[in-house]
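*Asks:* File run_37.txt below, compact mmCIF, C-alpha atoms:
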```
# COMPACT_ATOMS: atom_id res chain seq x y z
CA ARG A 1 43.52 -22.94 2.61
CA SER A 2 40.76 -24.55 4.62
CA VAL A 3 37.96 -26.50 2.91
CA PRO A 4 34.40 -26.03 4.23
CA ALA A 5 33.05 -29.07 6.02
CA ALA A 6 30.38 -31.15 4.27
CA PRO A 7 26.76 -30.53 5.38
CA PRO A 8 25.46 -32.85 8.11
CA GLY A 9 24.49 -36.26 6.76
CA ARG A 10 26.46 -35.81 3.50
CA ALA A 11 29.88 -37.31 2.83
CA ALA A 12 32.67 -34.98 1.80
CA VAL A 13 33.61 -35.15 -1.91
CA PRO A 14 37.28 -34.61 -2.87
CA MET A 15 37.83 -31.46 -4.94
CA SER A 16 39.38 -33.37 -7.88
CA VAL A 17 36.35 -35.66 -8.08
CA ALA A 18 33.97 -32.73 -7.97
CA LEU A 19 35.82 -30.93 -10.77
CA ASN A 20 35.82 -34.04 -12.96
CA GLU A 21 32.09 -34.46 -12.39
CA LEU A 22 31.56 -30.83 -13.38
CA LYS A 23 33.71 -31.33 -16.50
CA ASP A 24 31.71 -34.42 -17.46
CA TRP A 25 28.44 -32.53 -17.00
CA VAL A 26 29.58 -29.56 -19.13
CA GLY A 27 30.94 -31.82 -21.89
CA TRP A 28 28.02 -34.21 -21.86
CA GLU A 29 26.85 -35.25 -25.31
CA SER A 30 23.22 -34.26 -25.76
CA GLY A 31 22.78 -36.37 -28.88
CA GLY A 32 21.93 -33.28 -30.90
CA GLN A 33 24.59 -34.22 -33.45
CA ASN A 34 24.96 -37.72 -34.81
CA ARG A 35 28.44 -39.15 -34.39
CA GLY A 36 29.92 -42.61 -34.40
CA GLU A 37 31.34 -44.26 -31.34
CA SER A 38 34.84 -44.04 -32.79
CA THR A 39 34.58 -40.32 -33.64
CA VAL A 40 36.72 -37.88 -31.67
CA LEU A 41 36.64 -34.06 -31.77
CA LEU A 42 40.12 -32.57 -31.76
CA HIS A 43 41.29 -28.97 -31.96
CA VAL A 44 44.10 -28.23 -34.41
CA THR A 45 46.94 -25.71 -34.13
CA HIS A 46 49.76 -24.99 -36.56
CA SER A 47 53.32 -23.79 -36.07
CA ASN A 48 52.97 -21.14 -38.78
CA LEU A 49 49.35 -20.11 -38.28
CA ALA A 50 47.80 -17.98 -35.55
CA ALA A 51 44.34 -19.34 -36.29
CA ARG A 52 43.10 -22.26 -34.22
CA MET A 53 40.69 -24.81 -35.69
CA PHE A 54 38.11 -26.15 -33.28
CA GLU A 55 36.55 -29.60 -33.07
CA ILE A 56 37.80 -31.22 -36.27
CA ARG A 57 36.00 -34.58 -36.54
CA LEU A 58 38.36 -37.52 -36.88
CA ASP A 59 37.88 -41.26 -36.59
CA ARG A 60 40.04 -43.25 -34.22
CA HIS A 61 40.40 -45.91 -36.93
CA MET A 62 42.15 -43.46 -39.28
CA THR A 63 45.87 -43.97 -39.73
CA VAL A 64 48.19 -41.11 -38.91
CA GLU A 65 48.91 -40.85 -42.64
CA SER A 66 45.21 -40.35 -43.46
CA VAL A 67 44.87 -37.82 -40.62
CA LYS A 68 47.74 -35.85 -42.13
CA GLU A 69 46.08 -35.93 -45.54
CA LYS A 70 42.86 -34.58 -44.10
CA LEU A 71 44.65 -31.81 -42.22
CA ARG A 72 46.57 -30.92 -45.39
CA LYS A 73 43.29 -29.71 -46.87
CA HIS A 74 42.74 -27.50 -43.82
CA THR A 75 46.22 -26.02 -43.50
CA GLY A 76 48.02 -26.39 -46.82
CA THR A 77 51.02 -28.18 -45.29
CA GLY A 78 52.05 -31.25 -47.27
CA SER A 79 51.78 -34.64 -45.53
CA LEU A 80 55.50 -35.33 -45.99
CA TYR A 81 56.42 -32.13 -44.14
CA MET A 82 53.91 -32.50 -41.31
CA HIS A 83 54.80 -33.62 -37.80
CA LEU A 84 51.86 -34.18 -35.43
CA THR A 85 51.91 -33.87 -31.66
CA LEU A 86 48.91 -34.80 -29.51
CA LEU A 87 48.30 -32.47 -26.54
CA ASP A 88 45.81 -32.93 -23.73
CA ASP A 89 43.35 -30.25 -22.59
CA ASN A 90 46.10 -28.74 -20.41
CA SER A 91 48.44 -28.40 -23.43
CA GLN A 92 50.68 -31.18 -22.09
CA VAL A 93 52.27 -33.56 -24.61
CA VAL A 94 50.50 -36.93 -24.80
CA ALA A 95 52.39 -38.41 -27.73
CA ASP A 96 54.27 -37.67 -30.94
CA LEU A 97 52.45 -39.23 -33.90
CA SER A 98 55.65 -40.19 -35.73
CA ASP A 99 54.53 -43.57 -37.12
CA ASP A 100 52.25 -42.98 -40.13
CA GLY A 101 51.04 -46.59 -40.06
CA LEU A 102 49.52 -46.48 -36.59
CA MET A 103 45.86 -45.69 -36.06
CA LEU A 104 44.84 -42.50 -34.28
CA GLY A 105 43.08 -44.52 -31.58
CA TYR A 106 46.43 -46.07 -30.57
CA PHE A 107 47.28 -42.75 -28.87
CA SER A 108 43.98 -42.65 -26.89
CA PRO A 109 42.82 -39.18 -27.96
CA LEU A 110 39.85 -37.66 -26.10
CA ASP A 111 37.40 -34.93 -27.10
CA GLY A 112 38.99 -31.54 -26.51
CA TYR A 113 42.55 -32.71 -27.07
CA THR A 114 44.69 -30.79 -29.58
CA LEU A 115 46.68 -31.94 -32.59
CA HIS A 116 49.58 -29.55 -33.11
CA ILE A 117 51.08 -29.44 -36.59
CA THR A 118 54.75 -28.59 -36.96
CA ASP A 119 55.46 -27.52 -40.54
CA LEU A 120 58.90 -28.83 -41.55
CA ASP A 121 58.81 -27.45 -45.09
CA PRO A 122 61.53 -24.77 -45.42
CA HIS A 123 59.65 -23.28 -48.38
CA SER A 124 56.19 -23.43 -46.81
CA LEU A 125 53.72 -20.83 -48.07
CA SER A 126 52.43 -20.38 -44.52
CA ALA A 127 55.84 -19.41 -43.10
CA GLY A 128 56.15 -15.81 -41.90
CA GLY A 129 52.41 -15.22 -42.11
CA GLY A 130 52.20 -16.02 -45.80
CA LEU A 131 48.64 -17.35 -45.51
CA GLU A 132 47.35 -14.87 -42.92
CA ASP A 133 49.17 -11.53 -43.21
CA VAL A 134 47.36 -9.65 -45.98
CA SER A 135 50.04 -6.94 -45.97
CA LEU A 136 52.33 -9.47 -47.66
CA VAL A 137 49.95 -9.88 -50.59
CA LYS A 138 50.90 -7.84 -53.63
CA LYS A 139 48.09 -5.46 -54.46
CA TYR A 140 46.79 -4.99 -57.99
CA GLU A 141 47.76 -1.59 -59.36
CA ILE A 142 46.78 0.15 -62.57
CA SER A 143 48.30 3.23 -64.11
CA GLU A 144 46.29 6.41 -64.59
CA THR A 145 46.52 6.06 -68.38
CA ASP A 146 45.34 2.44 -68.42
CA TYR A 147 42.47 3.31 -66.08
CA LEU A 148 41.25 6.16 -68.28
CA ASN A 149 41.48 3.94 -71.37
CA ARG A 150 39.00 1.48 -69.89
CA GLU A 151 35.52 1.98 -71.26
CA ASP A 152 33.81 0.97 -68.01
CA ASN A 153 35.73 3.15 -65.54
CA PHE A 154 33.83 5.01 -62.82
CA ARG A 155 34.99 8.48 -63.83
CA ARG A 156 33.62 8.09 -67.35
CA TRP A 157 30.33 6.73 -66.00
CA LYS A 158 30.07 9.72 -63.64
CA GLU A 159 30.83 12.20 -66.43
CA ASP A 160 28.14 10.61 -68.64
CA LYS A 161 25.62 10.93 -65.82
CA LYS A 162 26.49 14.60 -65.33
CA LYS A 163 26.13 15.32 -69.06
CA ALA A 164 22.70 13.74 -69.14
CA ASP A 165 21.58 15.46 -65.92
CA PRO A 166 23.65 18.37 -64.53
CA GLY A 167 21.88 17.95 -61.16
CA TRP A 168 22.88 14.28 -60.85
CA SER A 169 24.64 13.06 -57.71
CA PHE A 170 25.67 9.66 -56.44
CA ALA A 171 23.36 10.00 -53.43
CA ARG A 172 20.47 10.74 -55.77
CA GLU A 173 21.35 7.71 -57.91
CA ILE A 174 21.18 5.46 -54.85
CA LYS A 175 17.82 6.93 -53.78
CA ASP A 176 16.35 6.46 -57.27
CA ARG A 177 17.42 2.81 -57.33
CA GLN A 178 16.06 2.18 -53.84
CA ASP A 179 12.76 3.81 -54.81
CA ALA A 180 12.56 1.68 -57.96
CA GLN A 181 13.08 -1.52 -55.97
CA ARG A 182 10.44 -0.50 -53.45
CA LEU A 183 7.98 0.31 -56.25
CA LYS A 184 8.38 -3.23 -57.56
CA ARG A 185 7.40 -4.60 -54.17
CA ASP A 186 4.67 -2.03 -53.51
CA PRO A 187 3.06 -0.37 -56.58
CA SER A 188 1.21 2.07 -54.28
CA PHE A 189 4.47 3.49 -52.92
CA VAL A 190 4.95 7.22 -53.63
CA PRO A 191 8.64 8.26 -53.54
CA GLU A 192 9.52 11.48 -51.75
CA PRO A 193 10.96 14.18 -53.99
CA TRP A 194 14.70 14.50 -54.00
CA LYS A 195 16.12 17.27 -51.83
CA GLU A 196 19.52 18.64 -52.64
CA ARG A 197 21.97 18.98 -49.76
CA GLU A 198 21.91 22.52 -48.40
CA SER A 199 24.92 24.55 -49.58
CA ASN A 200 23.96 28.04 -48.32
CA GLU A 201 25.96 28.77 -45.18
CA ASP A 202 23.34 31.27 -43.98
CA ALA A 203 20.32 29.02 -44.55
CA PHE A 204 17.71 29.28 -41.74
CA GLY A 205 19.74 32.06 -40.13
CA ASP A 206 16.68 34.35 -39.87
CA LEU A 207 14.74 31.73 -37.91
CA ALA A 208 17.70 30.83 -35.73
CA ALA A 209 18.07 34.49 -34.72
CA GLY A 210 14.83 34.21 -32.73
CA MET A 211 16.06 31.22 -30.69
CA LYS A 212 18.53 31.03 -27.83
CA VAL A 213 19.91 28.47 -25.40
CA GLY A 214 17.47 27.89 -22.55
CA ASP A 215 14.30 28.43 -24.59
CA ARG A 216 11.54 25.87 -24.19
CA CYS A 217 10.48 24.39 -27.52
CA GLU A 218 8.15 21.98 -29.27
CA VAL A 219 8.79 20.04 -32.45
CA THR A 220 6.11 20.87 -35.01
CA MET A 221 5.85 17.27 -36.22
CA GLY A 222 4.98 14.94 -33.35
CA GLY A 223 4.82 17.51 -30.56
CA LYS A 224 7.99 16.44 -28.75
CA ARG A 225 9.04 19.03 -26.18
CA GLY A 226 12.36 19.99 -24.73
CA GLU A 227 14.88 22.74 -24.11
CA VAL A 228 17.14 24.47 -26.63
CA LYS A 229 20.76 23.61 -25.81
CA TYR A 230 22.58 24.80 -28.90
CA VAL A 231 22.02 27.26 -31.75
CA GLY A 232 24.63 27.43 -34.48
CA LYS A 233 26.22 25.77 -37.48
CA ILE A 234 27.19 22.09 -37.77
CA PRO A 235 29.25 21.48 -40.92
CA ALA A 236 29.30 17.73 -40.26
CA LEU A 237 25.56 17.63 -40.97
CA ALA A 238 25.10 20.30 -43.65
CA ALA A 239 25.57 23.99 -44.28
CA GLY A 240 23.31 26.49 -42.53
CA TRP A 241 21.95 26.83 -39.00
CA TRP A 242 20.89 24.08 -36.61
CA VAL A 243 19.24 23.84 -33.20
CA GLY A 244 20.30 21.30 -30.60
CA VAL A 245 17.51 20.14 -28.31
CA GLN A 246 17.44 18.12 -25.10
CA TYR A 247 14.07 16.38 -25.07
CA ASP A 248 12.03 15.89 -21.90
CA GLU A 249 11.83 12.17 -22.66
CA PRO A 250 14.30 9.69 -24.21
CA VAL A 251 13.03 10.15 -27.77
CA GLY A 252 16.25 11.54 -29.25
CA LYS A 253 19.10 9.99 -31.21
CA ASN A 254 22.21 11.10 -29.33
CA ASP A 255 23.67 12.70 -26.20
CA GLY A 256 24.50 16.07 -27.69
CA ALA A 257 27.38 14.85 -29.81
CA ILE A 258 27.70 14.00 -33.51
CA THR A 259 30.11 11.57 -35.16
CA SER A 260 31.11 12.39 -38.73
CA LYS A 261 31.56 9.87 -41.53
CA LEU A 262 35.31 10.05 -40.85
CA GLY A 263 34.74 8.92 -37.28
CA ARG A 264 35.38 12.30 -35.65
CA THR A 265 33.08 13.13 -32.73
CA SER A 266 32.08 16.72 -31.98
CA ARG A 267 30.13 17.63 -28.85
CA PHE A 268 27.73 20.58 -28.87
CA PHE A 269 26.01 20.09 -25.52
CA GLU A 270 25.68 17.59 -22.69
CA CYS A 271 22.61 15.43 -22.05
CA PRO A 272 21.78 11.80 -21.20
CA PRO A 273 21.91 9.24 -24.05
CA ASN A 274 18.85 9.27 -26.37
CA TYR A 275 17.70 12.66 -25.04
CA GLY A 276 19.48 14.78 -27.66
CA GLY A 277 18.61 15.79 -31.19
CA PHE A 278 19.52 18.34 -33.89
CA LEU A 279 16.86 19.99 -36.05
CA ARG A 280 16.54 22.79 -38.55
CA PRO A 281 15.02 25.94 -37.02
CA ASP A 282 11.91 25.55 -39.19
CA LYS A 283 11.10 22.21 -37.54
CA LEU A 284 10.34 23.58 -34.07
CA LEU A 285 8.74 26.49 -32.21
CA VAL A 286 10.01 28.24 -29.09
CA GLY A 287 7.79 29.70 -26.40
CA ASP A 288 5.75 28.61 -23.40
CA TYR A 289 5.99 24.85 -23.75
CA PRO A 290 6.34 23.45 -20.22
CA GLU A 291 7.27 19.85 -19.62
CA ARG A 292 4.22 17.65 -19.85
CA ASP A 293 2.89 15.84 -16.79
CA LEU A 294 2.41 12.26 -17.90
CA PHE A 295 -0.26 11.79 -15.21
CA ASP A 296 -2.20 14.96 -16.01
CA GLU A 297 -5.17 13.79 -18.11
CA SER A 298 -6.44 17.33 -18.62
CA GLU A 299 -3.71 17.99 -21.21
CA GLU A 300 -5.10 15.23 -23.41
CA GLU A 301 -8.81 15.79 -22.73
CA GLY A 302 -8.74 19.58 -23.11
CA ASP A 303 -10.91 22.10 -21.31
CA GLY A 304 -14.12 20.79 -22.80
```
Give the structure from the file, written as structure tokens.
*Replies:*
Amino acid sequence: RSVPAAPPGRAAVPMSVALNELKDWVGWESGGQNRGESTVLLHVTHSNLAARMFEIRLDRHMTVESVKEKLRKHTGTGSLYMHLTLLDDNSQVVADLSDDGLMLGYFSPLDGYTLHITDLDPHSLSAGGGLEDVSLVKKYEISETDYLNREDNFRRWKEDKKKADPGWSFAREIKDRQDAQRLKRDPSFVPEPWKERESNEDAFGDLAAGMKVGDRCEVTMGGKRGEVKYVGKIPALAAGWWVGVQYDEPVGKNDGAITSKLGRTSRFFECPPNYGGFLRPDKLLVGDYPERDLFDESEEEGDG
């Protein structure tokens, strides 16, 4: 592969030199973190662990034994069962740290090098994913009888709430607590009355009967305009009838699709992202509502 000639008046720089200069520039110490001259930042890997620890600060004056003791606190492998191998930034072996009495600096480690730990303990807790694979952890289980005998179980708390207020629901409980917290911060706050989730499958059906796909429409609150794209029921939202609208401007919340709490996506019409919305039939009017001309000032000023 040919190498481009250097510009006139400038000496050619070997590729290896240029790459080393780039590496030095990227790894240049800005001084943002205080560190001693003998400090080195080494990555750490482990034979039994998938996780990789980055830039563990070590001192070149530490003995291999003291390095092992420090890494024991990070990995759980006992010092007596730990074999250390120093790797360069290309994962090539630099040295085996087999003499516990030698200092770390004897092996000339550089920032970015890696200390690989080989766990020699045949009964190591980290073997086979013991410290990372949560599926190996025995889960706490309680029998149905023991659960019901507990005085503070959720079912009993829910039953007590229902006895005190037959109209109680968990969603209402959350709203009441949120309103109470907001009242503490703002005494002038007026909570909105609780609205029960619609359960009538034919709710708003009379209004929906007067709407059809293709109708122009305007939202009663805010005056947003668009085109009716869907008229029907959407169980994922609530019982009753809904109207899907493609707005003239990107003021919607979706693209004509809805994702349920279980992660299932249902599409009711196609439109660009943030142009779609779903409303109850009582929240909009259909009729002669043409798309507004943003540059037509007469619509804002009126005839007078």
*Asks:* Give me, as a VMD selection string, all polymer residues having an atom no more than 7 Å from Phe268 in chain A, counting all atoms listed in the file and skipping those fewer than 6 positions away in the same chain.
*Replies:* chain A and resid 230 256 to 257
*Asks:* Excluding same-chain residues fewer than 4 positions from Thr220 in chain A, what lies within 8 Å of it counting all atoms listed in the file, as an MDAnalysis selection string?
*Replies:* chainID A and resid 224 283:285
*Asks:* So which residues touch Gly101 in chain A within 10 Å, counting all atoms listed in the file, skipping near sequence neighbours fewer than 2 positions away, as a list in words?
*Replies:* Met62, Thr63, Val64, Glu65, Ser66, Leu97, Ser98, Asp99, Met103 and Leu104 of chain A
*Asks:* Determine the nearest neighbour of Gly129 in chain A from the options A:Thr39, A:Ala50, A:Glu227, A:Lys233, counting all atoms listed in the file.
*Replies:*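 Distance minimum relative to Gly129 in chain A lands on A:Ala50.
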*Asks:* Pick from A:Trp168, A:Arg197, A:Val243, A:Val44: nearest to Ala209 in chain A, with all atoms listed in the file counted?
*Replies:*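 With all atoms listed in the file as the atom set, the closest residue is A:Val243.
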*Asks:* Would you mind telling me which residue in A:Arg172, A:Arg155, A:Arg216, A:Arg264 lies nearest to Glu192 in chain A when using only C-alpha atoms?
*Replies:*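 The closest residue to Glu192 in chain A is A:Arg172.
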*Asks:* Neighbours of Cys217 in chain A within 8 Å (all atoms listed in the file; same-chain residues fewer than 4 positions away dropped), as a VMD selection string?
*Replies:* chain A and resid 225 to 228 284 to 289
*Asks:* Pick from A:Ile234, A:Gly130, A:Asp248, A:Lys158: nearest to Asp293 in chain A, with all atoms listed in the file counted?
*Replies:*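 Nearest to Asp293 in chain A: A:Asp248.
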*Asks:* What is the distance, in Å and to one decimal place, between CA of Ser260 in chain A and CA of Ala236 in chain A?
*Replies:* 5.8 Å
*Asks:* Between A:Pro290, A:Pro109, A:Gly78, A:Gly263, single out the one closest to His123 in chain A, counting all atoms listed in the file.
*Replies:* A:Gly78
*Asks:* What is the distance, in Å and to one decimal place, between CA of Glu141 in chain A and CA of Lys161 in chain A?
*Replies:*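 Computed distance, CA of Glu141 in chain A to CA of Lys161 in chain A, equals 26.2 Å.
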*Asks:* Please, what distance in Å, to one decimal, runs between CA of Thr114 in chain A and CA of Gly128 in chain A?
*Replies:*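 According to the coordinates, CA of Thr114 in chain A and CA of Gly128 in chain A are separated by 22.5 Å.
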*Asks:* Between A:Tyr81, A:Trp157, A:Tyr106, A:Phe278, which has the minimum distance to Leu120 in chain A (counting only C-alpha atoms)?
*Replies:*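 Among A:Tyr81, A:Trp157, A:Tyr106, A:Phe278, it is A:Tyr81 that comes nearest to Leu120 in chain A.
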*Asks:* Place N, CA, C and O atoms on range 164-179 of chain A and deliver the coordinates as a compact mmCIF listing (two decimals), in the coordinates of the input.
*Replies:*
```
# COMPACT_ATOMS: atom_id res chain seq x y z
N ALA A 164 24.12 14.00 -68.94
CA ALA A 164 22.70 13.74 -69.14
C ALA A 164 21.83 14.53 -68.17
O ALA A 164 20.73 14.94 -68.50
N ASP A 165 22.34 14.74 -66.94
CA ASP A 165 21.58 15.46 -65.92
C ASP A 165 22.56 16.24 -65.06
O ASP A 165 23.22 15.67 -64.18
N PRO A 166 22.69 17.57 -65.30
CA PRO A 166 23.65 18.37 -64.53
C PRO A 166 23.41 18.32 -63.02
O PRO A 166 24.34 18.54 -62.24
N GLY A 167 22.19 18.02 -62.59
CA GLY A 167 21.88 17.95 -61.16
C GLY A 167 22.10 16.57 -60.56
O GLY A 167 21.75 16.34 -59.39
N TRP A 168 22.68 15.65 -61.34
CA TRP A 168 22.88 14.28 -60.85
C TRP A 168 23.90 14.24 -59.73
O TRP A 168 24.86 15.00 -59.69
N SER A 169 23.68 13.33 -58.78
CA SER A 169 24.64 13.06 -57.71
C SER A 169 24.57 11.58 -57.38
O SER A 169 23.58 10.91 -57.67
N PHE A 170 25.63 11.07 -56.77
CA PHE A 170 25.67 9.66 -56.44
C PHE A 170 24.60 9.32 -55.40
O PHE A 170 23.97 8.26 -55.47
N ALA A 171 24.39 10.23 -54.45
CA ALA A 171 23.36 10.00 -53.43
C ALA A 171 21.98 9.92 -54.07
O ALA A 171 21.13 9.09 -53.69
N ARG A 172 21.76 10.76 -55.08
CA ARG A 172 20.47 10.74 -55.77
C ARG A 172 20.30 9.44 -56.57
O ARG A 172 19.21 8.88 -56.65
N GLU A 173 21.39 8.97 -57.15
CA GLU A 173 21.35 7.71 -57.91
C GLU A 173 20.95 6.56 -56.99
O GLU A 173 20.11 5.72 -57.37
N ILE A 174 21.51 6.52 -55.80
CA ILE A 174 21.18 5.46 -54.85
C ILE A 174 19.71 5.54 -54.45
O ILE A 174 19.01 4.52 -54.39
N LYS A 175 19.23 6.76 -54.17
CA LYS A 175 17.82 6.93 -53.78
C LYS A 175 16.88 6.48 -54.90
O LYS A 175 15.88 5.80 -54.66
N ASP A 176 17.21 6.85 -56.13
CA ASP A 176 16.35 6.46 -57.27
C ASP A 176 16.28 4.94 -57.41
O ASP A 176 15.22 4.37 -57.68
N ARG A 177 17.42 4.27 -57.21
CA ARG A 177 17.42 2.81 -57.33
C ARG A 177 16.65 2.16 -56.19
O ARG A 177 15.93 1.18 -56.39
N GLN A 178 16.80 2.71 -54.98
CA GLN A 178 16.06 2.18 -53.84
C GLN A 178 14.56 2.38 -54.03
O GLN A 178 13.76 1.49 -53.71
N ASP A 179 14.17 3.55 -54.55
CA ASP A 179 12.76 3.81 -54.81
C ASP A 179 12.20 2.86 -55.86
O ASP A 179 11.08 2.37 -55.75
```
